[in-house]
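> This is start27.cif (mmCIF, C-alpha atoms and all ligand atoms).
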data_query
#
loop_
_atom_site.group_PDB
_atom_site.id
_atom_site.type_symbol
_atom_site.label_atom_id
_atom_site.label_comp_id
_atom_site.auth_asym_id
_atom_site.auth_seq_id
_atom_site.Cartn_x
_atom_site.Cartn_y
_atom_site.Cartn_z
ATOM 1 C CA MET A 1 -27.466 -8.037 6.289
ATOM 2 C CA PRO A 2 -27.898 -11.516 7.823
ATOM 3 C CA ASP A 3 -24.827 -13.768 7.502
ATOM 4 C CA ALA A 4 -26.537 -16.167 5.061
ATOM 5 C CA ASP A 5 -27.473 -13.315 2.695
ATOM 6 C CA LEU A 6 -24.029 -11.842 2.970
ATOM 7 C CA LEU A 7 -22.402 -15.159 2.117
ATOM 8 C CA ALA A 8 -24.732 -15.608 -0.847
ATOM 9 C CA HIS A 9 -23.860 -12.128 -2.039
ATOM 10 C CA LEU A 10 -20.153 -12.807 -1.647
ATOM 11 C CA ARG A 11 -20.478 -16.085 -3.576
ATOM 12 C CA PHE A 12 -22.254 -14.170 -6.309
ATOM 13 C CA LEU A 13 -19.414 -11.647 -6.478
ATOM 14 C CA ARG A 14 -16.915 -14.456 -6.605
ATOM 15 C CA SER A 15 -18.791 -16.082 -9.472
ATOM 16 C CA LEU A 16 -18.161 -12.822 -11.344
ATOM 17 C CA GLY A 17 -14.456 -13.244 -10.674
ATOM 18 C CA ILE A 18 -14.381 -10.670 -7.881
ATOM 19 C CA THR A 19 -12.367 -12.360 -5.188
ATOM 20 C CA HIS A 20 -11.391 -9.372 -3.052
ATOM 21 C CA LEU A 21 -13.350 -6.467 -1.673
ATOM 22 C CA PRO A 22 -11.959 -3.157 -0.546
ATOM 23 C CA THR A 23 -13.203 -1.740 2.680
ATOM 24 C CA SER A 24 -15.347 1.350 2.403
ATOM 25 C CA SER A 25 -13.507 4.280 0.927
ATOM 26 C CA ALA A 26 -15.905 6.714 2.516
ATOM 27 C CA GLU A 27 -14.047 9.049 4.778
ATOM 28 C CA ARG A 28 -14.450 8.144 8.384
ATOM 29 C CA PRO A 29 -14.556 10.773 11.091
ATOM 30 C CA LEU A 30 -11.222 11.590 12.561
ATOM 31 C CA PRO A 31 -10.658 10.750 16.166
ATOM 32 C CA SER A 32 -10.917 14.079 17.911
ATOM 33 C CA GLU A 33 -7.355 13.815 19.162
ATOM 34 C CA ALA A 34 -5.868 13.205 15.708
ATOM 35 C CA PRO A 35 -2.792 15.398 15.562
ATOM 36 C CA VAL A 36 -2.150 17.673 12.643
ATOM 37 C CA ASP A 37 0.883 16.751 10.564
ATOM 38 C CA LYS A 38 3.631 19.298 10.896
ATOM 39 C CA GLN A 39 4.991 18.688 7.414
ATOM 40 C CA GLU A 40 1.535 18.899 5.963
ATOM 41 C CA SER A 41 1.217 22.478 7.001
ATOM 42 C CA SER A 42 4.806 23.431 6.335
ATOM 43 C CA THR A 43 5.118 21.875 2.856
ATOM 44 C CA PRO A 44 1.678 22.086 1.283
ATOM 45 C CA ALA A 45 2.934 21.364 -2.237
ATOM 46 C CA ASP A 46 4.649 18.119 -1.336
ATOM 47 C CA LYS A 47 2.518 15.241 -2.530
ATOM 48 C CA HIS A 48 4.336 12.699 -0.393
ATOM 49 C CA THR A 49 3.674 14.625 2.766
ATOM 50 C CA GLY A 50 0.301 16.037 1.740
ATOM 51 C CA THR A 51 -1.604 19.233 2.255
ATOM 52 C CA PRO A 52 -3.308 20.443 5.416
ATOM 53 C CA THR A 53 -7.009 19.742 5.463
ATOM 54 C CA HIS A 54 -7.992 19.938 9.103
ATOM 55 C CA GLN A 55 -6.893 21.685 12.203
ATOM 56 C CA HIS A 56 -6.671 19.467 15.255
ATOM 57 C CA THR A 57 -5.189 19.900 18.653
ATOM 58 C CA ARG A 58 -1.792 18.328 18.880
ATOM 59 C CA THR A 59 -1.411 15.791 21.663
ATOM 60 C CA ALA A 60 1.367 13.504 22.803
ATOM 61 C CA GLU A 61 -0.670 10.388 21.982
ATOM 62 C CA PRO A 62 0.659 8.230 19.151
ATOM 63 C CA PRO A 63 -1.422 8.392 15.993
ATOM 64 C CA ARG A 64 -3.958 5.652 15.467
ATOM 65 C CA ALA A 65 -5.265 4.483 12.136
ATOM 66 C CA LEU A 66 -8.972 3.894 12.075
ATOM 67 C CA PRO A 67 -10.071 0.268 11.957
ATOM 68 C CA VAL A 68 -10.817 -1.146 8.507
ATOM 69 C CA ALA A 69 -14.419 -2.143 7.956
ATOM 70 C CA GLU A 70 -15.606 -5.204 9.817
ATOM 71 C CA GLU A 71 -18.062 -6.074 7.068
ATOM 72 C CA THR A 72 -15.352 -7.750 5.009
ATOM 73 C CA ASP A 73 -14.400 -10.162 7.801
ATOM 74 C CA LEU A 74 -16.492 -13.084 6.630
ATOM 75 C CA PHE A 75 -15.256 -12.744 3.112
ATOM 76 C CA GLU A 76 -11.688 -12.435 4.288
ATOM 77 C CA GLN A 77 -11.982 -15.607 6.335
ATOM 78 C CA GLN A 78 -13.245 -17.508 3.298
ATOM 79 C CA ARG A 79 -10.597 -16.049 1.071
ATOM 80 C CA THR A 80 -7.733 -16.678 3.463
ATOM 81 C CA ALA A 81 -8.842 -20.256 4.033
ATOM 82 C CA GLU A 82 -8.826 -20.855 0.293
ATOM 83 C CA VAL A 83 -5.430 -19.244 -0.256
ATOM 84 C CA ALA A 84 -3.953 -21.220 2.633
ATOM 85 C CA THR A 85 -4.490 -24.393 0.622
ATOM 86 C CA LEU A 86 -2.377 -23.149 -2.302
ATOM 87 C CA SER A 87 1.226 -24.191 -2.803
ATOM 88 C CA PRO A 88 3.864 -21.500 -3.386
ATOM 89 C CA THR A 89 3.862 -22.423 -7.084
ATOM 90 C CA GLU A 90 0.108 -22.017 -7.276
ATOM 91 C CA ARG A 91 0.301 -18.659 -5.531
ATOM 92 C CA ARG A 92 2.962 -17.456 -7.927
ATOM 93 C CA ALA A 93 0.895 -18.694 -10.873
ATOM 94 C CA ARG A 94 -2.170 -16.885 -9.571
ATOM 95 C CA MET A 95 -0.287 -13.618 -9.326
ATOM 96 C CA GLU A 96 1.145 -14.025 -12.804
ATOM 97 C CA ALA A 97 -2.298 -14.806 -14.190
ATOM 98 C CA ARG A 98 -3.779 -11.761 -12.478
ATOM 99 C CA ALA A 99 -1.030 -9.500 -13.802
ATOM 100 C CA LYS A 100 -1.760 -10.776 -17.331
ATOM 101 C CA GLU A 101 -5.483 -10.347 -16.881
ATOM 102 C CA LEU A 102 -5.053 -6.785 -15.615
ATOM 103 C CA ALA A 103 -3.079 -5.813 -18.690
ATOM 104 C CA ASP A 104 -6.488 -5.242 -20.297
ATOM 105 C CA CYS A 105 -7.979 -3.615 -17.219
ATOM 106 C CA ASP A 106 -10.484 -0.853 -17.757
ATOM 107 C CA ARG A 107 -11.808 -0.562 -14.238
ATOM 108 C CA CYS A 108 -10.841 3.065 -13.712
ATOM 109 C CA LYS A 109 -9.863 6.191 -15.538
ATOM 110 C CA LEU A 110 -6.151 5.490 -15.057
ATOM 111 C CA CYS A 111 -6.437 2.475 -17.309
ATOM 112 C CA PRO A 112 -4.408 2.458 -20.462
ATOM 113 C CA ALA A 113 -6.690 3.427 -23.282
ATOM 114 C CA ARG A 114 -8.018 6.413 -21.446
ATOM 115 C CA ASN A 115 -4.950 8.136 -20.218
ATOM 116 C CA HIS A 116 -1.486 7.557 -21.437
ATOM 117 C CA ALA A 117 0.398 6.179 -24.371
ATOM 118 C CA ALA A 118 2.588 3.566 -22.757
ATOM 119 C CA ASN A 119 -0.356 1.416 -21.648
ATOM 120 C CA ARG A 120 1.768 -0.201 -19.010
ATOM 121 C CA LEU A 121 0.451 -1.998 -15.999
ATOM 122 C CA VAL A 122 2.847 -1.995 -13.058
ATOM 123 C CA TYR A 123 1.565 -4.950 -11.096
ATOM 124 C CA GLY A 124 4.425 -5.559 -8.670
ATOM 125 C CA ALA A 125 7.860 -7.133 -8.497
ATOM 126 C CA GLY A 126 9.921 -9.291 -6.219
ATOM 127 C CA ASN A 127 9.526 -12.424 -4.194
ATOM 128 C CA PRO A 128 5.916 -13.671 -4.061
ATOM 129 C CA GLU A 129 6.768 -15.313 -0.742
ATOM 130 C CA ALA A 130 8.425 -12.250 0.766
ATOM 131 C CA ASP A 131 8.313 -11.434 4.464
ATOM 132 C CA ILE A 132 8.219 -7.724 3.680
ATOM 133 C CA VAL A 133 6.018 -5.903 1.164
ATOM 134 C CA PHE A 134 6.663 -2.245 0.324
ATOM 135 C CA VAL A 135 3.649 -0.337 -1.007
ATOM 136 C CA GLY A 136 4.081 2.981 -2.795
ATOM 137 C CA GLU A 137 1.562 5.306 -4.321
ATOM 138 C CA GLY A 138 1.566 4.545 -8.037
ATOM 139 C CA PRO A 139 3.991 4.145 -10.899
ATOM 140 C CA GLY A 140 5.903 7.188 -12.128
ATOM 141 C CA GLU A 141 7.173 7.804 -15.636
ATOM 142 C CA GLU A 142 10.079 5.360 -15.551
ATOM 143 C CA GLU A 143 8.010 2.661 -13.857
ATOM 144 C CA ASP A 144 5.323 3.162 -16.475
ATOM 145 C CA ARG A 145 7.935 2.756 -19.215
ATOM 146 C CA GLN A 146 9.486 -0.387 -17.772
ATOM 147 C CA GLY A 147 6.408 -1.959 -16.155
ATOM 148 C CA ILE A 148 8.370 -2.389 -12.900
ATOM 149 C CA PRO A 149 7.692 -0.515 -9.651
ATOM 150 C CA PHE A 150 10.277 1.829 -8.133
ATOM 151 C CA VAL A 151 12.898 1.900 -10.872
ATOM 152 C CA GLY A 152 13.282 5.683 -11.147
ATOM 153 C CA ARG A 153 15.264 7.902 -8.768
ATOM 154 C CA ALA A 154 13.007 7.142 -5.820
ATOM 155 C CA GLY A 155 13.360 3.482 -6.697
ATOM 156 C CA GLU A 156 17.133 3.725 -6.583
ATOM 157 C CA LEU A 157 16.908 5.067 -3.071
ATOM 158 C CA LEU A 158 14.425 2.368 -2.083
ATOM 159 C CA THR A 159 16.813 -0.250 -3.484
ATOM 160 C CA LYS A 160 19.603 1.241 -1.338
ATOM 161 C CA ILE A 161 17.393 1.175 1.734
ATOM 162 C CA ILE A 162 16.540 -2.470 1.082
ATOM 163 C CA GLY A 163 20.272 -3.159 0.627
ATOM 164 C CA ALA A 164 21.019 -1.462 3.936
ATOM 165 C CA MET A 165 18.540 -3.874 5.525
ATOM 166 C CA GLY A 166 20.765 -6.683 4.289
ATOM 167 C CA LEU A 167 18.286 -7.659 1.579
ATOM 168 C CA ARG A 168 17.970 -7.550 -2.188
ATOM 169 C CA ARG A 169 14.949 -6.350 -4.128
ATOM 170 C CA ASP A 170 14.286 -9.990 -4.988
ATOM 171 C CA ASP A 171 13.967 -10.807 -1.294
ATOM 172 C CA VAL A 172 11.067 -8.410 -0.781
ATOM 173 C CA TYR A 173 7.963 -7.558 -2.782
ATOM 174 C CA ILE A 174 7.306 -4.062 -4.104
ATOM 175 C CA CYS A 175 4.019 -2.741 -5.431
ATOM 176 C CA ASN A 176 1.758 0.287 -5.383
ATOM 177 C CA VAL A 177 -1.706 1.329 -4.302
ATOM 178 C CA VAL A 178 -2.650 1.849 -7.969
ATOM 179 C CA LYS A 179 -1.148 -0.082 -10.866
ATOM 180 C CA HIS A 180 -1.336 2.483 -13.617
ATOM 181 C CA ARG A 181 0.391 5.834 -13.764
ATOM 182 C CA ALA A 182 -1.719 8.856 -12.983
ATOM 183 C CA PRO A 183 -1.436 11.629 -15.569
ATOM 184 C CA GLY A 184 1.200 14.183 -14.656
ATOM 185 C CA ASN A 185 2.039 12.137 -11.555
ATOM 186 C CA ARG A 186 -0.996 13.529 -9.764
ATOM 187 C CA ASP A 187 -2.235 11.707 -6.676
ATOM 188 C CA PRO A 188 -4.513 8.779 -7.460
ATOM 189 C CA GLU A 189 -8.144 9.630 -6.793
ATOM 190 C CA ALA A 190 -10.492 7.808 -4.438
ATOM 191 C CA ASP A 191 -12.364 5.931 -7.175
ATOM 192 C CA GLU A 192 -9.079 4.805 -8.748
ATOM 193 C CA ILE A 193 -7.778 3.557 -5.423
ATOM 194 C CA GLU A 194 -11.053 1.785 -4.757
ATOM 195 C CA ALA A 195 -10.925 0.041 -8.132
ATOM 196 C CA CYS A 196 -7.362 -1.160 -7.542
ATOM 197 C CA GLU A 197 -7.404 -2.055 -3.849
ATOM 198 C CA PRO A 198 -8.963 -5.521 -4.297
ATOM 199 C CA PHE A 199 -5.944 -6.487 -6.376
ATOM 200 C CA LEU A 200 -3.527 -5.229 -3.748
ATOM 201 C CA LEU A 201 -5.436 -7.217 -1.147
ATOM 202 C CA GLU A 202 -5.252 -10.280 -3.328
ATOM 203 C CA GLN A 203 -1.492 -9.826 -3.753
ATOM 204 C CA LEU A 204 -1.040 -9.542 -0.009
ATOM 205 C CA ASP A 205 -3.207 -12.541 0.572
ATOM 206 C CA LEU A 206 -1.126 -14.624 -1.793
ATOM 207 C CA ILE A 207 2.197 -13.352 -0.461
ATOM 208 C CA GLN A 208 1.179 -13.436 3.210
ATOM 209 C CA PRO A 209 3.949 -11.057 4.293
ATOM 210 C CA ARG A 210 4.898 -10.662 7.911
ATOM 211 C CA VAL A 211 5.197 -6.910 7.557
ATOM 212 C CA LEU A 212 3.867 -4.240 5.236
ATOM 213 C CA VAL A 213 5.682 -0.932 4.749
ATOM 214 C CA THR A 214 3.587 1.951 3.434
ATOM 215 C CA LEU A 215 5.726 4.526 1.664
ATOM 216 C CA GLY A 216 4.571 8.105 2.063
ATOM 217 C CA ASN A 217 1.318 9.870 2.648
ATOM 218 C CA CYS A 218 -0.800 8.418 -0.136
ATOM 219 C CA ALA A 219 -0.177 4.738 0.634
ATOM 220 C CA THR A 220 -0.378 5.347 4.369
ATOM 221 C CA LYS A 221 -3.525 7.439 4.400
ATOM 222 C CA THR A 222 -5.442 5.411 1.856
ATOM 223 C CA LEU A 223 -4.600 1.955 3.159
ATOM 224 C CA LEU A 224 -4.885 2.819 6.837
ATOM 225 C CA ARG A 225 -7.966 5.000 6.388
ATOM 226 C CA THR A 226 -6.494 7.883 8.253
ATOM 227 C CA LYS A 227 -6.054 11.581 7.709
ATOM 228 C CA VAL A 228 -3.113 11.700 10.057
ATOM 229 C CA GLY A 229 -0.082 12.689 8.018
ATOM 230 C CA ILE A 230 3.016 10.615 7.495
ATOM 231 C CA THR A 231 5.176 12.742 9.764
ATOM 232 C CA ARG A 232 3.041 11.652 12.708
ATOM 233 C CA MET A 233 2.271 8.155 11.480
ATOM 234 C CA ARG A 234 5.759 7.028 10.547
ATOM 235 C CA GLY A 235 7.548 4.870 13.035
ATOM 236 C CA THR A 236 4.307 3.689 14.661
ATOM 237 C CA TRP A 237 3.011 0.167 14.119
ATOM 238 C CA GLN A 238 -0.402 -0.037 12.482
ATOM 239 C CA THR A 239 -2.430 -2.902 11.035
ATOM 240 C CA TYR A 240 -3.761 -3.403 7.535
ATOM 241 C CA HIS A 241 -6.074 -6.403 7.188
ATOM 242 C CA GLY A 242 -4.269 -8.104 10.036
ATOM 243 C CA ILE A 243 -0.760 -7.386 8.706
ATOM 244 C CA PRO A 244 1.578 -5.377 10.952
ATOM 245 C CA THR A 245 2.195 -2.205 8.979
ATOM 246 C CA MET A 246 4.978 0.337 9.318
ATOM 247 C CA PRO A 247 4.394 3.708 7.655
ATOM 248 C CA THR A 248 7.539 5.529 6.617
ATOM 249 C CA PHE A 249 8.561 8.445 4.418
ATOM 250 C CA HIS A 250 8.369 7.981 0.655
ATOM 251 C CA PRO A 251 11.874 7.796 -0.866
ATOM 252 C CA ALA A 252 10.913 10.600 -3.288
ATOM 253 C CA TYR A 253 10.249 12.819 -0.285
ATOM 254 C CA VAL A 254 13.552 11.843 1.312
ATOM 255 C CA LEU A 255 15.317 12.752 -1.944
ATOM 256 C CA ARG A 256 13.634 16.133 -2.028
ATOM 257 C CA SER A 257 14.247 16.759 1.629
ATOM 258 C CA TYR A 258 17.574 15.020 1.982
ATOM 259 C CA THR A 259 18.175 15.790 5.617
ATOM 260 C CA ARG A 260 19.914 13.657 8.167
ATOM 261 C CA THR A 261 16.736 13.693 10.262
ATOM 262 C CA ASN A 262 14.630 12.254 7.454
ATOM 263 C CA ARG A 263 17.193 9.595 6.553
ATOM 264 C CA GLU A 264 17.553 8.597 10.197
ATOM 265 C CA ALA A 265 13.777 8.423 10.541
ATOM 266 C CA VAL A 266 13.482 5.993 7.634
ATOM 267 C CA TRP A 267 16.370 3.934 8.922
ATOM 268 C CA SER A 268 14.839 3.749 12.369
ATOM 269 C CA ASP A 269 11.567 2.540 10.780
ATOM 270 C CA MET A 270 13.406 -0.104 8.766
ATOM 271 C CA LYS A 271 15.216 -1.316 11.876
ATOM 272 C CA ALA A 272 11.833 -1.759 13.534
ATOM 273 C CA VAL A 273 10.664 -3.700 10.480
ATOM 274 C CA MET A 274 13.681 -6.014 10.592
ATOM 275 C CA ALA A 275 13.244 -6.561 14.311
ATOM 276 C CA LYS A 276 9.603 -7.529 13.735
ATOM 277 C CA VAL A 277 10.460 -9.887 10.877
ATOM 278 C CA GLU A 278 13.244 -11.489 12.869
ATOM 279 C CA GLY A 279 10.955 -11.864 15.887
ATOM 280 C CA ARG A 280 13.022 -9.501 18.004
ATOM 281 C CA SER A 281 9.958 -7.359 18.751
ATOM 282 C CA SER A 282 6.328 -8.180 19.341
HETATM 283 N N1 LIG B 301 6.704 6.211 -6.626
HETATM 284 C C1 LIG B 301 5.785 5.319 -6.230
HETATM 285 O O1 LIG B 301 5.005 5.587 -5.329
HETATM 286 N N2 LIG B 301 5.764 4.143 -6.828
HETATM 287 C C2 LIG B 301 6.613 3.786 -7.777
HETATM 288 O O2 LIG B 301 6.524 2.671 -8.270
HETATM 289 C C3 LIG B 301 7.574 4.739 -8.164
HETATM 290 C C4 LIG B 301 7.600 5.958 -7.582
#
Could you express the structure from this file as structure tokens?
Ligand code: URA

Amino acid sequence: MPDADLLAHLRFLRSLGITHLPTSSAERPLPSEAPVDKQESSTPADKHTGTPTHQHTRTAEPPRALPVAEETDLFEQQRTAEVATLSPTERRARMEARAKELADCDRCKLCPARNHAANRLVYGAGNPEADIVFVGEGPGEEEDRQGIPFVGRAGELLTKIIGAMGLRRDDVYICNVVKHRAPGNRDPEADEIEACEPFLLEQLDLIQPRVLVTLGNCATKTLLRTKVGITRMRGTWQTYHGIPTMPTFHPAYVLRSYTRTNREAVWSDMKAVMAKVEGRSS
């Protein structure tokens, strides 16, 4: 589409109140060298490490996420330029307004009326000017009840991890790929993720974090458009819409597989995150 048509189309979308666009959710071909995730094949029932879907030759090369779609670039430039003019108070107000607006959301089948009784939106929590944003998969039962992300058992561990980084929950921002609980804690489906991703993008745009941490397989695979499992992805810097992104294990997985190796892996990832935020690494 020529640039002028694209801009007109984007303006039209914006006039409908759509200010963020997800990149295509269509599966992209795997790079032929994409390594298979060891945990994926060894723990097929673990939703935070995933199930094996493909067989690929293992190589020593670090995993690479596939690039997000270029077609959103123009829109992103416009959007970022607009957000850059907002004061911190205006950014905070915009997030609060969006959270209120989404309370009535019916964009996907996870939305309140259709699925569960609590009708709770879990938009996000923490500092809207945080350097670090943690993104999980979706609210669980306790999060759904309280309307706050990561307040169940996995949340307690995440809070400890944040504490070990010398921070409080209020210093960082915590949210999820989808903002409503999936029935029976199943993985969110592609259409649900697609419906919610514009709002995650908007949050990130308003927060402008220096680093994003994706927690577990779902957040990592869906945001980074990769089929490479978390065991291979964790500890390697990736990029999500220009934001340096560190995939790490989901705290729920660490709780289930409470090994020294897993805890050390997460800690090593968080040290890399702190070094990046503090400008000790490029
Ligand atoms: N797991 C998630 O992925 N997100 C939450 O908010 C809680 C548990």
> Which residues come within 9 Å of region 184-186 of chain A, counting all atoms listed in the file, excluding same-chain residues fewer than 6 positions away, as a count of residues only?
5
> Determine the residue membership of the PyMOL selection byres (((chain A and resi 157) around 12) and not hetatm) for the file above and supply it as JSON, numbers by chain.
{"A": [150, 151, 152, 153, 154, 155, 156, 158, 159, 160, 161, 162, 163, 164, 169, 249, 250, 251, 252, 253, 254, 255, 256, 258, 263, 266]}
> Could you make a table, as a tab-separated table, of the residues of region 81-192 of chain A that have an atom within 9 Å of an atom of region 212-216 of chain A, each with its nearest atom pair and distance in Å to one decimal, counting only C-alpha atoms, in chain and number order?

residue	atom	partner	partner_atom	distance
A:Asp131	CA	A:Leu212	CA	8.5
A:Ile132	CA	A:Leu212	CA	5.8
A:Val133	CA	A:Leu212	CA	4.9
A:Phe134	CA	A:Val213	CA	4.7
A:Val135	CA	A:Thr214	CA	5.0
A:Gly136	CA	A:Leu215	CA	5.0
A:Glu137	CA	A:Leu215	CA	7.3
> State, in Å with one decimal place, the distance from CA of Met233 (chain A) to CA of His180 (chain A).
26.0 Å
> Box for ligand LIG 301 (chain B) - axis-aligned, 3 Å on each of the six sides, all listed atoms - centre and size in Å to one decimal, as lines of an AutoDock Vina configuration file.

center_x = 6.3
center_y = 4.4
center_z = -6.8
size_x = 8.6
size_y = 9.5
size_z = 8.9
> Can you tell me how far CA of Ala99 (chain A) sits from CA of Leu121 (chain A), in Å to one decimal?
8.0 Å
> Rank A:Glu142, A:Asp170, A:Asp106, A:Glu96 by their smallest atom-to-atom distance to ligand LIG 301 (chain B), using all atoms listed in the file, and report the top residue only.
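Among the listed residues, the smallest separation from ligand LIG 301 (chain B) belongs to A:Glu142.
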